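So the structure is just underneath, and the comments pick up after that.
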Amino acid sequence: MADQYVQSGEDGRPKEIPAIRWDEPPEGPVLVLLDQTRLPAEEVELVCTDAPVLVEAIRSLAVRGAPLLGIAGAYGVALAAARGFDVDDAAEALAGARPTAVNLAVGVRRAQAAYRAELARSGDAERAAAAALGAARALHEEDAEASARMAARGLALLDELLPGGGHRVLTHCNTGALVSGGEGTAFAVALAAHRAGQLRRLWVDETRPLLQGARLTAYEAARNGMAYTLLTDNAAGSLFAAGEVDAVLIGADRIAADGSVANKVGSYPLAVLARYHHVPFIVVAPLTTVDLETADGASIEVEQRPGFEVTEIAAPQVPVAGGEPGGGIPVAPLGTQAYNPAFDVTPPELVTAIVTEEGVVSPVTGEALAELCARSRQV
Ligand code: MRU
């Protein structure tokens, strides 16, 4: 559990809390998260003083979403280093906290490599810790830049695919500022469309079972003054059939070398619906989400979550750790087994385009993806 919870707005005024920030109070460095399990009911900070607290925050989805997991992982290594804990142990625990979003391990390994390199060079643990923090900060900034560039590229693509504006966009899970150093991935494109006066409606899938759409995307859409409507995941089919969806915009947790896209469970059925209804299915993700070492969709490890997330409804503002097994309100007979994969995999042939900060891949093929990655490495 958290070391410490800090309620926002203690002076009676609402406070803007970033999804993640590094802080150095007199007691020592900390990583401060906006606890996403408590949204939208409460904006509460979760203060991590060491890697195990952060690992628990990652597992419980207090901090979540692929790009932010990478940033958090990198800061987690920096935190362990700054506090004098074993950096390699911390890195192992952090990288393994959740298996599907490749960004997590990428962020962890980047900060760990910076730490090791500086330690080997200078033999000075303090300098090595500073190097790890520098790597985390750089990743954080790069992600913000990538987010802005994806938003611009995604908006241009929408305008090209759907001339005339007035886009009605369906999205799934949560892909905004809560998962990013910037304004997010897919959500950032919708936000750019909104700011350009081109977004007629954002359809927000509630995203069973943990309600990232209802709790988080609706929260971000409302805060940005966007025209949005929440629907149950099961209602998407009739929405397509009624001709109410012009495009689907989603993020990704891992994109394999063949262009297969792992994202929040429920993305694949949307891709099938989109194909049937001739609607573009667009994936927006930074290059840190592309994993050329994972050959194809079948090779992506999909996280299996505890069944109680399906058999119980957890009040979002109440941490589920209280009772047994999940402490929520049962919605199925006691002892019911549940199938609860956190993600599914959409094959490349169902993806109209992958939008990255460095360019758009369409049609989606392994060759085109490899070429984009190679080009971006040369820049
Ligand atoms: O289980 P979560 O909430 O971490 O899942 C997040 C998603 O599936 C997002 O769509 C994905 O990370 C892309 S966010 C840019």
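Going through the structure tokens in order, the chains are called A, B, and so on, while each chain numbers its residues from 1 and the ligands are numbered from 1 in the order shown.
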
Pick out the residues no farther than 6 Å from ligand 1, counting only C-alpha atoms and all ligand atoms, and list them as a ChimeraX atom specification. /A:64-67,173-175,179,184-185,251-253,263-264,342

Polymer residues at most 6 Å from region 347-357 of chain A, only C-alpha atoms, same-chain spacing of 4 or more positions, as a PDB file with N, CA and C atoms, in the first residue's frame:
```
ATOM      1  N   ALA A 146       6.787  13.688 -28.135  1.00  0.00           N
ATOM      2  CA  ALA A 146       6.202  12.676 -29.024  1.00  0.00           C
ATOM      3  C   ALA A 146       4.685  12.821 -29.054  1.00  0.00           C
ATOM      4  N   ARG A 149       3.641  15.621 -31.315  1.00  0.00           N
ATOM      5  CA  ARG A 149       3.838  15.295 -32.737  1.00  0.00           C
ATOM      6  C   ARG A 149       2.825  14.256 -33.216  1.00  0.00           C
ATOM      7  N   MET A 150       2.490  13.301 -32.353  1.00  0.00           N
ATOM      8  CA  MET A 150       1.455  12.325 -32.736  1.00  0.00           C
ATOM      9  C   MET A 150       0.111  13.020 -32.937  1.00  0.00           C
ATOM     10  N   GLY A 259       3.346  -5.736 -36.881  1.00  0.00           N
ATOM     11  CA  GLY A 259       2.300  -4.708 -36.842  1.00  0.00           C
ATOM     12  C   GLY A 259       1.089  -5.087 -36.009  1.00  0.00           C
ATOM     13  N   SER A 260       1.113  -6.251 -35.362  1.00  0.00           N
ATOM     14  CA  SER A 260       0.010  -6.620 -34.456  1.00  0.00           C
ATOM     15  C   SER A 260       0.012  -5.666 -33.266  1.00  0.00           C
ATOM     16  N   ALA A 271     -12.003  -3.358 -33.749  1.00  0.00           N
ATOM     17  CA  ALA A 271     -11.355  -3.410 -35.065  1.00  0.00           C
ATOM     18  C   ALA A 271     -12.193  -4.239 -36.041  1.00  0.00           C
ATOM     19  N   PRO A 280     -12.312   3.728 -40.509  1.00  0.00           N
ATOM     20  CA  PRO A 280     -10.873   3.623 -40.206  1.00  0.00           C
ATOM     21  C   PRO A 280     -10.620   3.293 -38.734  1.00  0.00           C
ATOM     22  N   PHE A 281      -9.701   2.376 -38.537  1.00  0.00           N
ATOM     23  CA  PHE A 281      -9.301   1.960 -37.179  1.00  0.00           C
ATOM     24  C   PHE A 281      -7.847   2.396 -37.019  1.00  0.00           C
ATOM     25  N   ILE A 282      -7.646   3.432 -36.224  1.00  0.00           N
ATOM     26  CA  ILE A 282      -6.340   4.104 -36.167  1.00  0.00           C
ATOM     27  C   ILE A 282      -5.699   3.910 -34.794  1.00  0.00           C
ATOM     28  N   VAL A 283      -4.463   3.450 -34.806  1.00  0.00           N
ATOM     29  CA  VAL A 283      -3.702   3.239 -33.572  1.00  0.00           C
ATOM     30  C   VAL A 283      -2.688   4.367 -33.450  1.00  0.00           C
ATOM     31  N   VAL A 284      -2.646   4.985 -32.271  1.00  0.00           N
ATOM     32  CA  VAL A 284      -1.718   6.103 -32.041  1.00  0.00           C
ATOM     33  C   VAL A 284      -0.784   5.702 -30.902  1.00  0.00           C
ATOM     34  N   ALA A 285       0.512   5.648 -31.195  1.00  0.00           N
ATOM     35  CA  ALA A 285       1.460   5.175 -30.170  1.00  0.00           C
ATOM     36  C   ALA A 285       2.853   5.712 -30.461  1.00  0.00           C
ATOM     37  N   PRO A 286       3.615   6.020 -29.418  1.00  0.00           N
ATOM     38  CA  PRO A 286       4.995   6.450 -29.656  1.00  0.00           C
ATOM     39  C   PRO A 286       5.861   5.257 -30.070  1.00  0.00           C
ATOM     40  N   VAL A 361       2.305   4.765 -40.439  1.00  0.00           N
ATOM     41  CA  VAL A 361       2.449   3.522 -41.197  1.00  0.00           C
ATOM     42  C   VAL A 361       1.070   3.097 -41.688  1.00  0.00           C
ATOM     43  N   SER A 362       0.896   3.061 -42.993  1.00  0.00           N
ATOM     44  CA  SER A 362      -0.382   2.649 -43.581  1.00  0.00           C
ATOM     45  C   SER A 362      -0.148   2.339 -45.061  1.00  0.00           C
ATOM     46  N   VAL A 364      -0.476  -1.208 -42.768  1.00  0.00           N
ATOM     47  CA  VAL A 364       0.392  -1.676 -41.692  1.00  0.00           C
ATOM     48  C   VAL A 364       1.024  -3.011 -42.073  1.00  0.00           C
TER      49      VAL A 364
END
```

Atom-to-atom span, CA of Ala95 (chain A) and CA of Gly73 (chain A), Å: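 These two atoms are separated by 7.0 Å.
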
Sort by chain and increasing residue number a table of all residues of region 78-175 of chain A within 6 Å of region 230-249 of chain A, each with its closest pair of atoms and their distance in Å to one decimal, counting only C-alpha atoms, and write it as JSON lines.
```
{"residue": "A:Arg168", "atom": "CA", "partner": "A:Asp246", "partner_atom": "CA", "distance": 5.2}
{"residue": "A:Val169", "atom": "CA", "partner": "A:Ala247", "partner_atom": "CA", "distance": 5.0}
{"residue": "A:Leu170", "atom": "CA", "partner": "A:Val248", "partner_atom": "CA", "distance": 4.8}
{"residue": "A:Thr171", "atom": "CA", "partner": "A:Leu249", "partner_atom": "CA", "distance": 5.2}
```

Grab the CA of Ala368 (chain A) to CA of Val290 (chain A) distance for me, in Å with one decimal place.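 Pair CA of Ala368 (chain A) / CA of Val290 (chain A) returns 12.3 Å.
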
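With only C-alpha atoms as the basis for measurement, A:Leu94 is the residue among A:Ala72, A:Ala120, A:Val30, A:Leu94 that approaches Val55 (chain A) most closely.
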
Which of region 63-262 of chain A end up as alpha helix (DSSP H) when DSSP is run on this backbone - answer as a ChimeraX atom specification? /A:66-82,87-95,102-122,125-161,186-195,218-223,236-241

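Across the model, the gap from CA of Ala148 (chain A) to CA of Ala188 (chain A) is 7.5 Å.
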
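Residue neighbourhood of Ser299 (chain A), excluding near-sequence residues (fewer than 4 positions): Ala256, Ser260, Glu293, Thr294 and Ala295 of chain A, at 10 Å, using only C-alpha atoms.
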
Preceding selection exported with C-alpha atoms as a PDB file, in the first residue's frame:
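This is the output file out-v9.pdb:
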```pdb
ATOM      1  CA  ALA A 256       4.909  -6.401 -32.528  1.00  0.00           C
ATOM      2  CA  SER A 260       0.010  -6.620 -34.456  1.00  0.00           C
ATOM      3  CA  GLU A 293      11.966  -8.089 -30.826  1.00  0.00           C
ATOM      4  CA  THR A 294       8.474  -9.523 -30.464  1.00  0.00           C
ATOM      5  CA  ALA A 295       7.857 -11.166 -33.814  1.00  0.00           C
TER       6      ALA A 295
END
```

Excluding Val108 (chain A) and its own-chain neighbours fewer than 3 positions away, which residues fall within 9 Å of it when counting only C-alpha atoms? Please give them as a ChimeraX atom specification. /A:70-77,91-92,94-95,103-105,111-113,136

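Taking the backbone of this structure through DSSP, the residues of region 63-173 of chain A that come out as strand (DSSP E or B) are His167, Arg168, Val169, Leu170 and Thr171 of chain A.
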
Just checking: using only C-alpha atoms, which residue out of A:Arg83, A:Arg208, A:Arg137, A:Arg223 ends up closest to Glu16 (chain A)?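 Residue with the minimum atom-to-atom distance to Glu16 (chain A): A:Arg223.
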
What's around Glu312 (chain A) at 12 Å? Count only C-alpha atoms, leave out sequence neighbours fewer than 6 positions away in its own chain, and write the answer as a list in words. Arg208, Pro209, Leu210, Pro306, Val320, Gly323, Glu324, Pro325, Gly326, Gly327, Gly328, Ile329, Pro330, Val331, Ala332, Pro333, Leu334, Gly335, Thr336, Gln337 and Ala338 of chain A

Let me see the file: selected residues, N, CA and C atoms, as a PDB file, in the first residue's frame.
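That gives us result.pdb:
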```
ATOM      1  N   ARG A 208     -14.844  -2.073 -19.590  1.00  0.00           N
ATOM      2  CA  ARG A 208     -14.929  -3.073 -18.521  1.00  0.00           C
ATOM      3  C   ARG A 208     -13.620  -3.859 -18.432  1.00  0.00           C
ATOM      4  N   PRO A 209     -13.199  -4.357 -17.274  1.00  0.00           N
ATOM      5  CA  PRO A 209     -13.913  -4.204 -16.000  1.00  0.00           C
ATOM      6  C   PRO A 209     -13.445  -3.025 -15.146  1.00  0.00           C
ATOM      7  N   LEU A 210     -12.345  -2.383 -15.477  1.00  0.00           N
ATOM      8  CA  LEU A 210     -11.818  -1.381 -14.542  1.00  0.00           C
ATOM      9  C   LEU A 210     -12.188   0.050 -14.923  1.00  0.00           C
ATOM     10  N   PRO A 306      -6.724 -10.592 -11.894  1.00  0.00           N
ATOM     11  CA  PRO A 306      -7.537 -11.408 -10.992  1.00  0.00           C
ATOM     12  C   PRO A 306      -9.024 -11.390 -11.359  1.00  0.00           C
ATOM     13  N   VAL A 320      -9.338  -1.440  -3.497  1.00  0.00           N
ATOM     14  CA  VAL A 320      -9.903  -2.781  -3.420  1.00  0.00           C
ATOM     15  C   VAL A 320      -9.183  -3.687  -2.429  1.00  0.00           C
ATOM     16  N   GLY A 323     -11.227  -6.088   1.795  1.00  0.00           N
ATOM     17  CA  GLY A 323     -11.728  -7.400   2.241  1.00  0.00           C
ATOM     18  C   GLY A 323     -11.219  -8.533   1.387  1.00  0.00           C
ATOM     19  N   GLU A 324     -11.936  -9.620   1.353  1.00  0.00           N
ATOM     20  CA  GLU A 324     -11.545 -10.804   0.584  1.00  0.00           C
ATOM     21  C   GLU A 324     -12.656 -11.151  -0.383  1.00  0.00           C
ATOM     22  N   PRO A 325     -12.334 -11.602  -1.596  1.00  0.00           N
ATOM     23  CA  PRO A 325     -11.022 -11.525  -2.229  1.00  0.00           C
ATOM     24  C   PRO A 325     -10.694 -10.123  -2.742  1.00  0.00           C
ATOM     25  N   GLY A 326     -11.712  -9.355  -3.195  1.00  0.00           N
ATOM     26  CA  GLY A 326     -11.388  -8.037  -3.742  1.00  0.00           C
ATOM     27  C   GLY A 326     -11.987  -6.899  -2.939  1.00  0.00           C
ATOM     28  N   GLY A 327     -12.920  -7.200  -2.064  1.00  0.00           N
ATOM     29  CA  GLY A 327     -13.506  -6.162  -1.221  1.00  0.00           C
ATOM     30  C   GLY A 327     -14.586  -5.344  -1.907  1.00  0.00           C
ATOM     31  N   GLY A 328     -14.989  -5.743  -3.138  1.00  0.00           N
ATOM     32  CA  GLY A 328     -16.012  -4.988  -3.850  1.00  0.00           C
ATOM     33  C   GLY A 328     -17.393  -5.607  -3.659  1.00  0.00           C
ATOM     34  N   ILE A 329     -18.350  -5.112  -4.449  1.00  0.00           N
ATOM     35  CA  ILE A 329     -19.723  -5.626  -4.367  1.00  0.00           C
ATOM     36  C   ILE A 329     -19.854  -6.776  -5.358  1.00  0.00           C
ATOM     37  N   PRO A 330     -20.209  -7.997  -4.873  1.00  0.00           N
ATOM     38  CA  PRO A 330     -20.283  -9.127  -5.812  1.00  0.00           C
ATOM     39  C   PRO A 330     -21.386  -8.935  -6.852  1.00  0.00           C
ATOM     40  N   VAL A 331     -21.077  -9.281  -8.122  1.00  0.00           N
ATOM     41  CA  VAL A 331     -22.097  -9.257  -9.165  1.00  0.00           C
ATOM     42  C   VAL A 331     -22.245 -10.644  -9.798  1.00  0.00           C
ATOM     43  N   ALA A 332     -21.601 -11.636  -9.213  1.00  0.00           N
ATOM     44  CA  ALA A 332     -21.704 -13.015  -9.697  1.00  0.00           C
ATOM     45  C   ALA A 332     -21.730 -13.919  -8.463  1.00  0.00           C
ATOM     46  N   PRO A 333     -22.307 -15.135  -8.614  1.00  0.00           N
ATOM     47  CA  PRO A 333     -22.325 -16.035  -7.455  1.00  0.00           C
ATOM     48  C   PRO A 333     -20.923 -16.273  -6.910  1.00  0.00           C
ATOM     49  N   LEU A 334     -20.838 -16.425  -5.620  1.00  0.00           N
ATOM     50  CA  LEU A 334     -19.553 -16.682  -4.965  1.00  0.00           C
ATOM     51  C   LEU A 334     -18.863 -17.878  -5.627  1.00  0.00           C
ATOM     52  N   GLY A 335     -17.599 -17.787  -5.890  1.00  0.00           N
ATOM     53  CA  GLY A 335     -16.861 -18.909  -6.475  1.00  0.00           C
ATOM     54  C   GLY A 335     -16.864 -18.924  -7.988  1.00  0.00           C
ATOM     55  N   THR A 336     -17.549 -17.981  -8.628  1.00  0.00           N
ATOM     56  CA  THR A 336     -17.570 -17.932 -10.099  1.00  0.00           C
ATOM     57  C   THR A 336     -16.166 -17.681 -10.641  1.00  0.00           C
ATOM     58  N   GLN A 337     -15.778 -18.474 -11.634  1.00  0.00           N
ATOM     59  CA  GLN A 337     -14.480 -18.240 -12.277  1.00  0.00           C
ATOM     60  C   GLN A 337     -14.634 -17.165 -13.345  1.00  0.00           C
ATOM     61  N   ALA A 338     -13.614 -16.362 -13.520  1.00  0.00           N
ATOM     62  CA  ALA A 338     -13.707 -15.291 -14.517  1.00  0.00           C
ATOM     63  C   ALA A 338     -12.505 -15.343 -15.453  1.00  0.00           C
TER      64      ALA A 338
END
```

I'd like the contact shell of Gly182 (chain A) - 6 Å cut-off, only C-alpha atoms, skipping same-chain residues fewer than 2 positions apart - returned as a ChimeraX atom specification. /A:144,147,177,180,184

Name the closest residue to Val47 (chain A) among the candidates A:Ile20, A:Leu31, A:Leu158, A:Ala62; distances are taken between atoms, counting only C-alpha atoms. A:Leu31

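In this comparison, which uses only C-alpha atoms, the residue of A:Asp35, A:Asp88, A:Glu309, A:Glu160 approaching Arg116 (chain A) most closely is A:Asp88.
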